[in-house]
Structure formats: C-alpha cells, structure tokens
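Pasted below: run-v9.tsv, TSV, C-alpha atoms.
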```
chain	number	residue	atom	x	y	z
V	1	MET	CA	24.03	91.48	29.63
V	2	LYS	CA	21.42	93.67	31.27
V	3	TYR	CA	20.69	94.36	34.94
V	4	SER	CA	17.52	96.28	35.72
V	5	THR	CA	15.43	96.99	38.79
V	6	VAL	CA	12.24	97.28	36.70
V	7	ASP	CA	10.93	93.81	37.57
V	8	ILE	CA	12.31	93.80	41.15
V	9	ALA	CA	10.08	94.55	44.14
V	10	GLN	CA	10.79	98.08	45.39
V	11	LYS	CA	11.96	96.95	48.83
V	12	GLU	CA	14.49	94.58	47.22
V	13	ARG	CA	15.76	96.89	44.47
V	14	PHE	CA	18.72	98.43	46.24
V	15	GLU	CA	20.12	95.09	47.45
V	16	PHE	CA	19.74	93.78	43.90
V	17	TRP	CA	21.58	96.84	42.63
V	18	ILE	CA	24.54	96.33	44.95
V	19	ASP	CA	24.88	92.74	43.70
V	20	ALA	CA	24.58	93.96	40.09
V	21	ILE	CA	27.35	96.56	40.26
V	22	CYS	CA	29.69	94.12	42.01
V	23	ASP	CA	28.98	91.56	39.31
V	24	ALA	CA	29.41	94.02	36.45
V	25	TYR	CA	32.49	95.81	37.80
V	26	VAL	CA	34.60	95.27	40.91
V	27	HIS	CA	33.72	94.77	44.60
V	28	LEU	CA	32.04	97.98	45.79
V	29	GLY	CA	29.97	99.46	48.56
V	30	CYS	CA	26.94	101.58	47.68
V	31	THR	CA	24.50	103.79	49.61
V	32	THR	CA	21.56	106.00	48.62
V	33	ASP	CA	19.24	108.53	50.25
V	34	GLU	CA	16.43	107.38	47.97
V	35	ARG	CA	16.08	103.70	48.88
V	36	ALA	CA	12.29	103.88	48.87
V	37	ARG	CA	12.20	105.01	45.23
V	38	PHE	CA	15.53	103.75	43.97
V	39	TRP	CA	15.88	102.48	40.41
V	40	GLY	CA	18.76	101.61	38.11
V	41	GLU	CA	19.85	99.80	34.94
V	42	ILE	CA	23.18	98.53	33.62
V	43	THR	CA	23.65	97.40	30.03
V	44	HIS	CA	26.96	95.57	29.91
V	45	SER	CA	29.06	94.41	26.94
V	46	SER	CA	32.48	92.78	26.74
V	47	VAL	CA	35.13	92.66	24.05
V	48	ARG	CA	37.32	89.98	25.57
V	49	SER	CA	39.17	91.62	28.47
V	50	ALA	CA	37.74	95.11	27.85
V	51	GLN	CA	34.27	95.96	29.11
V	52	LEU	CA	31.84	98.76	28.31
V	53	SER	CA	28.56	99.47	30.03
V	54	TYR	CA	25.90	102.12	30.26
V	55	VAL	CA	24.77	102.89	33.81
V	56	THR	CA	21.52	104.77	34.36
V	57	SER	CA	20.26	105.28	37.88
V	58	SER	CA	18.92	107.49	40.61
V	59	MET	CA	21.05	109.14	43.30
V	60	GLN	CA	23.82	107.00	44.85
V	61	HIS	CA	27.24	107.06	46.51
V	62	VAL	CA	29.64	104.28	45.46
V	63	VAL	CA	32.75	103.49	47.51
V	64	ARG	CA	35.66	101.17	46.72
V	65	ARG	CA	37.19	100.32	50.11
V	66	LYS	CA	40.43	98.64	51.17
V	67	ARG	CA	38.53	95.49	52.11
V	68	ASP	CA	36.94	95.42	48.65
V	69	ILE	CA	40.38	95.68	47.07
V	70	SER	CA	41.71	92.81	49.19
V	71	ARG	CA	38.98	90.53	47.76
V	72	SER	CA	39.86	91.28	44.15
V	73	THR	CA	41.79	88.95	41.86
V	74	GLU	CA	42.33	91.37	38.95
V	75	ASP	CA	43.19	95.07	38.62
V	76	TYR	CA	41.50	97.50	36.25
V	77	VAL	CA	41.60	101.08	35.07
V	78	LEU	CA	38.10	102.47	34.64
V	79	MET	CA	36.91	105.51	32.73
V	80	SER	CA	33.63	107.22	33.60
V	81	ILE	CA	32.16	109.19	30.71
V	82	GLN	CA	29.27	111.39	31.82
V	83	ILE	CA	26.31	111.15	29.44
V	84	ALA	CA	23.59	112.86	31.48
V	85	GLY	CA	23.33	114.45	34.91
V	86	SER	CA	26.43	115.07	36.99
V	87	GLY	CA	28.92	112.91	38.83
V	88	TYR	CA	32.05	113.08	40.97
V	89	VAL	CA	35.11	110.83	40.91
V	90	ARG	CA	37.34	110.98	44.00
V	91	GLN	CA	40.70	109.22	44.34
V	92	ALA	CA	44.20	109.99	45.68
V	93	GLY	CA	43.00	113.20	47.33
V	94	ARG	CA	41.59	114.61	44.07
V	95	GLU	CA	38.03	115.16	42.88
V	96	ALA	CA	36.81	115.33	39.30
V	97	ALA	CA	33.41	116.97	38.83
V	98	LEU	CA	31.84	115.64	35.63
V	99	LEU	CA	29.15	117.12	33.43
V	100	PRO	CA	27.85	115.58	30.17
V	101	GLY	CA	30.77	115.02	27.79
V	102	ASP	CA	33.44	115.04	30.53
V	103	PHE	CA	35.35	112.00	31.71
V	104	ALA	CA	37.88	110.88	34.30
V	105	ILE	CA	39.75	107.67	35.04
V	106	TYR	CA	40.23	105.79	38.31
V	107	SER	CA	42.08	102.66	39.36
V	108	SER	CA	40.67	99.62	41.14
V	109	THR	CA	43.94	99.19	43.07
V	110	THR	CA	43.34	102.04	45.55
V	111	PRO	CA	40.18	103.31	47.29
V	112	TYR	CA	37.88	105.62	45.36
V	113	GLU	CA	34.43	107.18	45.54
V	114	LEU	CA	31.80	107.89	42.89
V	115	TYR	CA	29.02	110.27	43.87
V	116	PHE	CA	25.87	111.07	41.88
V	117	PRO	CA	23.61	113.66	43.56
V	118	ALA	CA	20.64	113.01	41.25
V	119	GLU	CA	19.57	110.88	38.29
V	120	PHE	CA	22.44	110.27	35.90
V	121	ARG	CA	23.72	108.24	32.96
V	122	GLN	CA	27.33	107.22	32.35
V	123	LEU	CA	29.34	105.05	30.00
V	124	VAL	CA	31.90	103.11	32.02
V	125	VAL	CA	34.89	101.62	30.20
V	126	GLN	CA	36.94	99.02	32.07
V	127	VAL	CA	40.33	97.76	30.83
V	128	PRO	CA	42.91	95.53	32.58
V	129	ARG	CA	45.40	97.78	34.36
V	130	GLN	CA	48.42	95.98	32.88
V	131	ALA	CA	47.28	96.80	29.35
V	132	VAL	CA	46.91	100.49	30.21
V	133	LEU	CA	50.24	100.73	32.05
V	134	ALA	CA	52.05	99.05	29.17
V	135	SER	CA	51.05	101.99	26.94
V	136	PHE	CA	50.78	104.71	29.58
V	137	PRO	CA	53.06	103.95	32.57
V	138	ILE	CA	51.97	106.98	34.65
V	139	ALA	CA	48.22	106.37	34.35
V	140	ASP	CA	47.95	105.80	38.11
V	141	LEU	CA	49.10	109.39	38.68
V	142	LEU	CA	46.27	110.81	36.59
V	143	THR	CA	43.22	109.38	38.33
V	144	ALA	CA	40.34	111.70	39.28
V	145	VAL	CA	41.61	114.45	36.96
V	146	PRO	CA	38.73	115.65	34.75
V	147	VAL	CA	39.02	115.82	30.96
V	148	CYS	CA	36.62	118.48	29.75
V	149	ARG	CA	34.21	118.19	26.83
V	150	SER	CA	35.77	121.38	25.38
V	151	ASN	CA	38.86	119.32	24.47
V	152	GLU	CA	38.47	118.31	20.81
V	153	ALA	CA	40.46	115.08	21.25
V	154	ALA	CA	38.36	114.25	24.31
V	155	ARG	CA	35.20	114.64	22.26
V	156	LEU	CA	36.62	112.23	19.68
V	157	THR	CA	37.41	109.72	22.43
V	158	VAL	CA	33.91	109.98	23.89
V	159	ARG	CA	32.20	109.79	20.51
V	160	THR	CA	34.16	106.72	19.39
V	161	LEU	CA	33.73	104.81	22.65
V	162	THR	CA	30.00	105.52	22.76
V	163	ASP	CA	29.69	104.36	19.13
V	164	ILE	CA	31.48	101.11	20.02
V	165	ALA	CA	29.31	100.59	23.10
V	166	SER	CA	26.12	101.19	21.14
V	167	ALA	CA	27.22	98.85	18.33
V	168	LEU	CA	28.00	96.10	20.83
V	169	GLN	CA	24.53	96.36	22.31
V	170	GLU	CA	23.01	95.69	18.90
V	171	ARG	CA	25.52	93.05	17.73
V	172	PRO	CA	27.60	91.85	20.70
V	173	GLU	CA	29.49	89.29	18.64
V	174	ALA	CA	30.54	91.66	15.85
V	175	GLY	CA	34.33	91.97	15.63
V	176	ALA	CA	34.85	91.68	19.36
V	177	GLY	CA	38.42	90.44	19.04
V	178	HIS	CA	39.43	93.39	16.87
V	179	LEU	CA	37.74	95.90	19.17
V	180	GLU	CA	39.57	94.80	22.32
V	181	ALA	CA	42.82	96.57	21.39
V	182	ALA	CA	40.90	99.55	20.02
V	183	VAL	CA	39.09	100.13	23.34
V	184	SER	CA	42.35	99.95	25.27
V	185	GLU	CA	44.08	102.36	22.90
V	186	LEU	CA	41.14	104.77	23.01
V	187	MET	CA	41.30	104.81	26.79
V	188	CYS	CA	45.03	105.60	26.64
V	189	TYR	CA	44.34	108.29	24.04
V	190	GLY	CA	41.82	109.80	26.42
V	191	ILE	CA	44.28	109.65	29.32
V	192	ALA	CA	46.83	111.47	27.17
V	193	GLN	CA	44.48	114.48	27.08
V	194	ILE	CA	44.99	115.05	30.79
V	195	THR	CA	47.26	118.06	30.67
V	196	ASP	CA	49.45	119.56	33.35
V	197	GLY	CA	46.88	122.28	33.77
V	198	GLY	CA	44.52	119.79	35.38
V	199	LEU	CA	46.96	119.01	38.18
V	200	GLU	CA	48.02	120.93	41.27
V	201	ALA	CA	51.58	122.24	41.30
V	202	GLY	CA	52.86	119.45	43.56
V	203	ASP	CA	51.17	116.78	41.49
V	204	ARG	CA	52.47	118.38	38.30
V	205	TYR	CA	56.05	118.17	39.58
V	206	GLN	CA	55.57	114.52	40.51
V	207	HIS	CA	53.92	113.86	37.16
V	208	LEU	CA	56.85	115.26	35.18
V	209	THR	CA	59.50	113.66	37.39
V	210	LEU	CA	57.88	110.24	37.26
V	211	LEU	CA	57.29	110.49	33.52
V	212	ARG	CA	61.03	111.07	33.06
V	213	MET	CA	61.81	108.26	35.49
V	214	GLU	CA	59.47	105.78	33.80
V	215	SER	CA	60.93	106.61	30.39
V	216	PHE	CA	64.49	106.08	31.62
V	217	VAL	CA	63.63	102.85	33.43
V	218	ALA	CA	61.83	101.53	30.34
V	219	SER	CA	64.92	102.21	28.22
V	220	ARG	CA	67.19	100.29	30.63
V	221	LEU	CA	64.77	97.61	31.79
V	222	SER	CA	66.65	94.68	30.24
V	223	ASP	CA	69.89	95.69	32.00
V	224	PRO	CA	70.18	93.66	35.23
V	225	ALA	CA	72.71	96.19	36.53
V	226	LEU	CA	70.17	99.04	36.50
V	227	SER	CA	70.29	100.55	40.01
V	228	ARG	CA	68.55	103.14	42.12
V	229	GLU	CA	71.64	105.31	41.79
V	230	ASP	CA	71.43	105.17	37.97
V	231	VAL	CA	67.82	106.36	38.01
V	232	ALA	CA	68.39	109.15	40.52
V	233	ARG	CA	71.53	110.33	38.72
V	234	HIS	CA	69.63	110.53	35.42
V	235	LEU	CA	67.04	112.79	37.08
V	236	GLY	CA	69.69	114.93	38.78
V	237	MET	CA	68.46	113.92	42.23
V	238	SER	CA	69.72	111.95	45.19
V	239	VAL	CA	68.33	108.48	45.84
V	240	ARG	CA	66.94	109.72	49.13
V	241	ARG	CA	65.13	112.69	47.56
V	242	LEU	CA	63.64	110.63	44.76
V	243	ASN	CA	62.47	107.95	47.19
V	244	GLU	CA	60.89	110.64	49.37
V	245	LEU	CA	58.98	111.86	46.33
V	246	LEU	CA	57.90	108.34	45.41
V	247	ALA	CA	56.92	107.54	49.01
V	248	ARG	CA	54.04	110.01	48.64
V	249	ARG	CA	52.67	107.55	46.09
V	250	GLY	CA	53.40	104.53	48.26
V	251	THR	CA	56.29	103.25	46.19
V	252	SER	CA	60.09	103.50	45.74
V	253	ILE	CA	62.68	103.42	42.96
V	254	ALA	CA	63.34	99.71	43.43
V	255	GLN	CA	59.61	98.92	43.49
V	256	CYS	CA	59.06	100.87	40.28
V	257	ILE	CA	61.80	98.91	38.53
V	258	ARG	CA	60.46	95.58	39.78
V	259	ARG	CA	56.89	96.51	38.84
V	260	ARG	CA	57.89	97.44	35.29
V	261	ARG	CA	59.90	94.24	34.90
V	262	LEU	CA	57.10	92.08	36.25
V	263	ASN	CA	54.58	93.77	33.93
V	264	ARG	CA	56.74	93.00	30.90
V	265	VAL	CA	57.30	89.37	31.91
V	266	MET	CA	53.55	88.95	32.55
V	267	GLN	CA	52.87	90.40	29.13
V	268	ASP	CA	55.22	87.88	27.52
V	269	LEU	CA	53.71	85.01	29.52
V	270	SER	CA	50.29	85.99	28.13
V	271	THR	CA	51.51	86.03	24.51
V	272	PRO	CA	50.73	82.81	22.58
V	273	ALA	CA	53.66	83.39	20.21
V	274	MET	CA	56.03	83.08	23.20
V	275	ARG	CA	54.43	79.97	24.65
V	276	HIS	CA	57.49	77.80	24.00
V	277	GLN	CA	60.12	80.19	25.34
V	278	PRO	CA	61.53	79.12	28.72
V	279	ILE	CA	60.26	81.25	31.58
V	280	GLY	CA	63.83	81.77	32.81
V	281	ASP	CA	64.76	83.30	29.45
V	282	LEU	CA	61.79	85.68	29.57
V	283	ALA	CA	62.75	86.77	33.09
V	284	ALA	CA	66.36	87.35	32.07
V	285	LYS	CA	65.23	89.28	29.03
V	286	TRP	CA	63.68	91.89	31.33
V	287	GLY	CA	66.57	92.19	33.77
V	288	PHE	CA	65.88	89.48	36.35
V	289	ALA	CA	69.37	88.05	36.80
V	290	ASP	CA	68.40	85.64	39.57
V	291	ALA	CA	65.76	83.11	38.53
V	292	GLN	CA	65.09	81.96	42.09
V	293	HIS	CA	64.47	85.49	43.28
V	294	PHE	CA	62.27	86.15	40.24
V	295	SER	CA	60.15	83.08	41.00
V	296	LYS	CA	59.64	84.13	44.64
V	297	LEU	CA	58.90	87.72	43.69
V	298	PHE	CA	56.41	86.68	41.00
V	299	ARG	CA	54.49	84.39	43.36
V	300	LYS	CA	54.41	87.03	46.09
V	301	SER	CA	53.24	89.78	43.70
V	302	VAL	CA	50.83	87.82	41.49
V	303	GLY	CA	49.68	85.03	43.80
V	304	CYS	CA	50.77	82.11	41.64
V	305	SER	CA	53.88	80.76	39.95
V	306	PRO	CA	54.95	82.03	36.50
V	307	SER	CA	54.07	78.68	34.92
V	308	GLU	CA	50.62	78.69	36.53
V	309	TYR	CA	50.07	82.25	35.31
V	310	ARG	CA	51.04	81.26	31.76
V	311	SER	CA	48.71	78.25	31.88
V	312	GLU	CA	45.79	80.44	32.94
V	313	ARG	CA	46.45	82.95	30.16
V	314	ILE	CA	47.22	80.33	27.49
V	315	PRO	CA	45.10	77.27	28.46
V	316	GLU	CA	46.74	74.84	26.06
V	317	ILE	CA	50.05	75.18	27.86
V	318	ALA	CA	50.47	72.25	30.25
V	319	MET	CA	50.25	73.08	33.96
V	320	THR	CA	53.37	71.00	34.52
V	321	MET	CA	55.73	73.26	32.55
V	322	PRO	CA	59.04	73.21	34.46
V	323	MET	CA	60.14	76.23	36.47
V	324	PRO	CA	63.42	77.96	35.54
V	325	PRO	CA	66.50	76.58	37.30
V	326	CYS	CA	67.78	78.26	40.46
V	327	LEU	CA	70.90	80.29	39.84
V	328	GLU	CA	72.23	82.59	42.54
V	329	PRO	CA	71.05	83.99	45.92
V	330	GLU	CA	68.36	86.68	45.99
V	331	MET	CA	69.08	89.62	43.76
V	332	LYS	CA	69.09	93.05	45.37
V	333	GLN	CA	68.30	96.31	43.70
```
What does this structure look like when you write it as structure tokens?
Amino acid sequence: MKYSTVDIAQKERFEFWIDAICDAYVHLGCTTDERARFWGEITHSSVRSAQLSYVTSSMQHVVRRKRDISRSTEDYVLMSIQIAGSGYVRQAGREAALLPGDFAIYSSTTPYELYFPAEFRQLVVQVPRQAVLASFPIADLLTAVPVCRSNEAARLTVRTLTDIASALQERPEAGAGHLEAAVSELMCYGIAQITDGGLEAGDRYQHLTLLRMESFVASRLSDPALSREDVARHLGMSVRRLNELLARRGTSIAQCIRRRRLNRVMQDLSTPAMRHQPIGDLAAKWGFADAQHFSKLFRKSVGCSPSEYRSERIPEIAMTMPMPPCLEPEMKQ
C-alpha cells in the first residue's frame, strides 16, 4: 500500500498526511513548520501481524499522546531505522538521536515523540508488543536508546530488514507467512544489541534488576504460590524497596507477575493447536489458581472475555465456547 502527497493539492497535503500516518501506524498527532511546501510518501507492506514501511518526508514533529493511546485497540513495539537524514526518538525521559544506519525502538503503550528537523527517510518496523515481550521481556525498558551503525550485529539487523522490506514491495505475497516470525525475531535481535553502555547509571541498575526479576518470574510462572516475597528474596531486596524501584516504571511486583501470566495465556489462546483445551486449564497452567478472578482480570486488562479473545484470534472457534467454572474467591498476590 502506498500513501503519497504527489497528487494531493498543496493546501490539503498535510491533513492527508496526518490521516495517512494514523492509518499506516497508530493514532498520532503531527505538526510541521513547512506546511506550505510539505510533502511525504509511505510505502507500506504487511507480513500478517508484522508491518514494514518506508517513510520519506519533509520536516515534521510526530507525537503519540495519552489520548491517542486511549483510542488504541492493539499495542505495538516499533523500530525506526534511519536511512537518510536525521531523526530523534523520545520516550520515557530518553532521547535517541539517529543518523543513517542507526535505529531505536519505542512502544505504542506510552507517549513518545519523533522529530525530523529536515527531509528524511526511515524504515519503520512494527510488531505486536506481545510477540516482542514473549522473547524479550524487558523491551519496554530499552525504548529510545540508540543502536549505532558501528555495531556489526546492528548492521546485520538493518541490512536484513531492509532487504525484506524491499522484497515485499516487489512481491508482497511472497512467503509472507514465513517472514512474520523472522521480522519479529530480527527486531528482538536488534533490541539485544542495546548494551548497558547506552543507558544512564540509574536506568542500567533498573535494567539489570528487572532482567533478573523477569527471569525468575518466568521460571516460576506456573506456580500459583509465587509471591512478592519470593521475588524480592531472590533479588536480595525487600518487597518495599523492589516496589519502589518498579514504581518508577509505573508497575509493581504483583502487576509484573500478572502481566507475564496474562501474556502467556493470551499466547496460548491465539495458538490453533490449543484450540480445544479448556480455558480454565490454560489459566491454571500459568498460575491462575482462581478461575473467577482470572476471568475478571482478563476482561479488565484485555477488554473482552477469554473465549471472545480466542474466537477473534482463531475465527473457527465458536463464540459460545463455555467459560471456565468459578472456583474460589478472588486470588491475591
């Protein structure tokens, strides 16, 4: 799919552009100091849930605001690969300055800014956030951290993703299903190149602590008895101190455990091979001991029931699939 201002009247170009970027990506706000001579083009390709697009344009300032986030129905991790010109990615109090060959990631779940002071060209890769977090649980902590073109692995990531994007422009139907996983894995491979040296000391400490926490939680996720105390004890910290650290990221120990468990259940509900497994069994498999509490938590977090979610992800599953039976009062972490 291609969006271009070439055939649009000059006075209508910028409004057209705002609609185009919202259609191609997520809800965004956009301003420019060059409205009278603004131009832009997006060449967009999809490989199932993963999306790749080249963006070429004149100067602009893109903002993802809280009200834009509230209108969204899906969450993504995006990677901006600078092809020409310069750009800036700002999120979570950090700023990544990008030159050709550099890249940075950002999340659609929190506000961010993209700033391009002059004409530029980027490759933007967009992957569902769940898929990224399943492979790289701390990805949200690494947004707006630049990965430099001097990194050999980064160059491989950029080269491969640009090759895929170019191939899809020529033959959009070629092997799309096989490329979906490859694009997601390449993004995670790129994220893995973000070293501690790219983070401030405070962020580096959080990064290492949360990496250890995520690894421990992942190893005990199926244990319904996993507690805040277990996690803090493993890290050699008090529950209070660990929660204070996590509060800087707007979360807590209990929320991290619930988020990981929900992500794994959602993954299973989206897997055709598990279409006949009772939802209650899948919830229990990932540590939800109380089916009633799980059902309420799922609806509150996702916006629909587990059975409705499964039906959307696997259309042939009947919408009337029964909910798991209620067991005990609400589980507490």
Which residue out of V:Leu226, V:Ile314, V:Cys30, V:Ala181 has the minimum interatomic distance to Met59 in chain V when only C-alpha atoms are used?
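Ranked by minimum distance to Met59 in chain V, first place goes to V:Cys30.
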For CA of Ala134 in chain V and CA of Ala218 in chain V, quote the distance in Å rounded to one decimal.
10.2 Å
At a cut-off of 12 Å, using all atoms listed in the file, what residues contact Thr32 in chain V? Leave out same-chain residues fewer than 4 positions from it and give the result as a ChimeraX atom specification.
/V:13-15,17-18,36-40,57-63,114-119
Between V:Phe216, V:Ala92, V:Ser295, V:Ala139, which residue has the minimum interatomic distance to Gly250 in chain V, considering all atoms listed in the file?
V:Ala92
Near range 240-246 of chain V, counting all atoms listed in the file, which residues have an atom at most 10 Å away, once you skip same-chain residues fewer than 3 positions from it, shown as an NGL selection string?
:V and (205-206 or 209-210 or 213 or 228-229 or 231-233 or 235-237 or 249-256)
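What separates CA of Gln292 in chain V from CA of Ser215 in chain V is a distance of 27.6 Å.
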Neighbour list for range 263-265 of chain V as a list in words, cut-off 7 Å, all atoms listed in the file, skip fewer than 5 positions in-chain:
Gln130, Leu282, Ala283 and Trp286 of chain V
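With only C-alpha atoms as the basis for measurement, V:Val132 is the residue among V:Val132, V:Ala154, V:Leu28, V:Ala97 that approaches Ser49 in chain V most closely.
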Using only C-alpha atoms for the distances, tell me which of V:Ser238, V:Ser107, V:Ser301, V:Gln126 is nearest to Arg258 in chain V.
V:Ser301
So how far away is CA of His44 in chain V from CA of Met1 in chain V, in Å?
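These two atoms are separated by 5.0 Å.
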Extract, using all atoms listed in the file, all DNA, RNA and protein residues at most 7 Å from range 85-91 of chain V, discarding same-chain residues fewer than 3 positions from it, and format them as a PyMOL selection string.
chain V and resi 82+94-100+106+111-116+119-121+143-144
Mind checking which residues fall within 7 Å of Val127 in chain V, counting all atoms listed in the file, ignoring those fewer than 5 positions away in the same chain, and posting them as a PyMOL selection string?
chain V and resi 49-51+76-78+184
Please rebuild range 119-137 of chain V with N, CA and C atoms and give the result as a compact mmCIF listing (two decimals), keeping the file's coordinate frame.
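Full text of rebuild05.txt as output:
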```txt
# COMPACT_ATOMS: atom_id res chain seq x y z
N GLU V 119 19.60 111.84 39.40
CA GLU V 119 19.57 110.88 38.29
C GLU V 119 20.71 111.17 37.33
N PHE V 120 21.29 110.10 36.78
CA PHE V 120 22.44 110.27 35.90
C PHE V 120 22.51 109.11 34.90
N ARG V 121 23.39 109.30 33.92
CA ARG V 121 23.72 108.24 32.96
C ARG V 121 25.20 108.38 32.62
N GLN V 122 25.91 107.26 32.67
CA GLN V 122 27.33 107.22 32.35
C GLN V 122 27.63 106.04 31.45
N LEU V 123 28.72 106.19 30.67
CA LEU V 123 29.34 105.05 30.00
C LEU V 123 30.60 104.75 30.78
N VAL V 124 30.72 103.53 31.26
CA VAL V 124 31.90 103.11 32.02
C VAL V 124 32.71 102.14 31.17
N VAL V 125 33.97 102.47 30.97
CA VAL V 125 34.89 101.62 30.20
C VAL V 125 35.90 101.03 31.19
N GLN V 126 36.08 99.72 31.12
CA GLN V 126 36.94 99.02 32.07
C GLN V 126 37.95 98.18 31.30
N VAL V 127 39.24 98.43 31.55
CA VAL V 127 40.33 97.76 30.83
C VAL V 127 41.34 97.23 31.85
N PRO V 128 41.90 96.04 31.66
CA PRO V 128 42.91 95.53 32.58
C PRO V 128 44.04 96.54 32.79
N ARG V 129 44.41 96.75 34.02
CA ARG V 129 45.40 97.78 34.36
C ARG V 129 46.73 97.54 33.67
N GLN V 130 47.14 96.29 33.54
CA GLN V 130 48.42 95.98 32.88
C GLN V 130 48.44 96.50 31.45
N ALA V 131 47.34 96.35 30.74
CA ALA V 131 47.28 96.80 29.35
C ALA V 131 47.42 98.31 29.26
N VAL V 132 46.82 99.03 30.21
CA VAL V 132 46.91 100.49 30.21
C VAL V 132 48.33 100.93 30.57
N LEU V 133 48.91 100.33 31.61
CA LEU V 133 50.24 100.73 32.05
C LEU V 133 51.30 100.42 31.00
N ALA V 134 51.08 99.38 30.21
CA ALA V 134 52.05 99.05 29.17
C ALA V 134 52.16 100.18 28.15
N SER V 135 51.04 100.88 27.90
CA SER V 135 51.05 101.99 26.94
C SER V 135 51.22 103.34 27.62
N PHE V 136 50.76 103.43 28.89
CA PHE V 136 50.78 104.71 29.58
C PHE V 136 51.21 104.47 31.03
N PRO V 137 52.54 104.37 31.26
CA PRO V 137 53.06 103.95 32.57
C PRO V 137 52.63 104.82 33.75
```
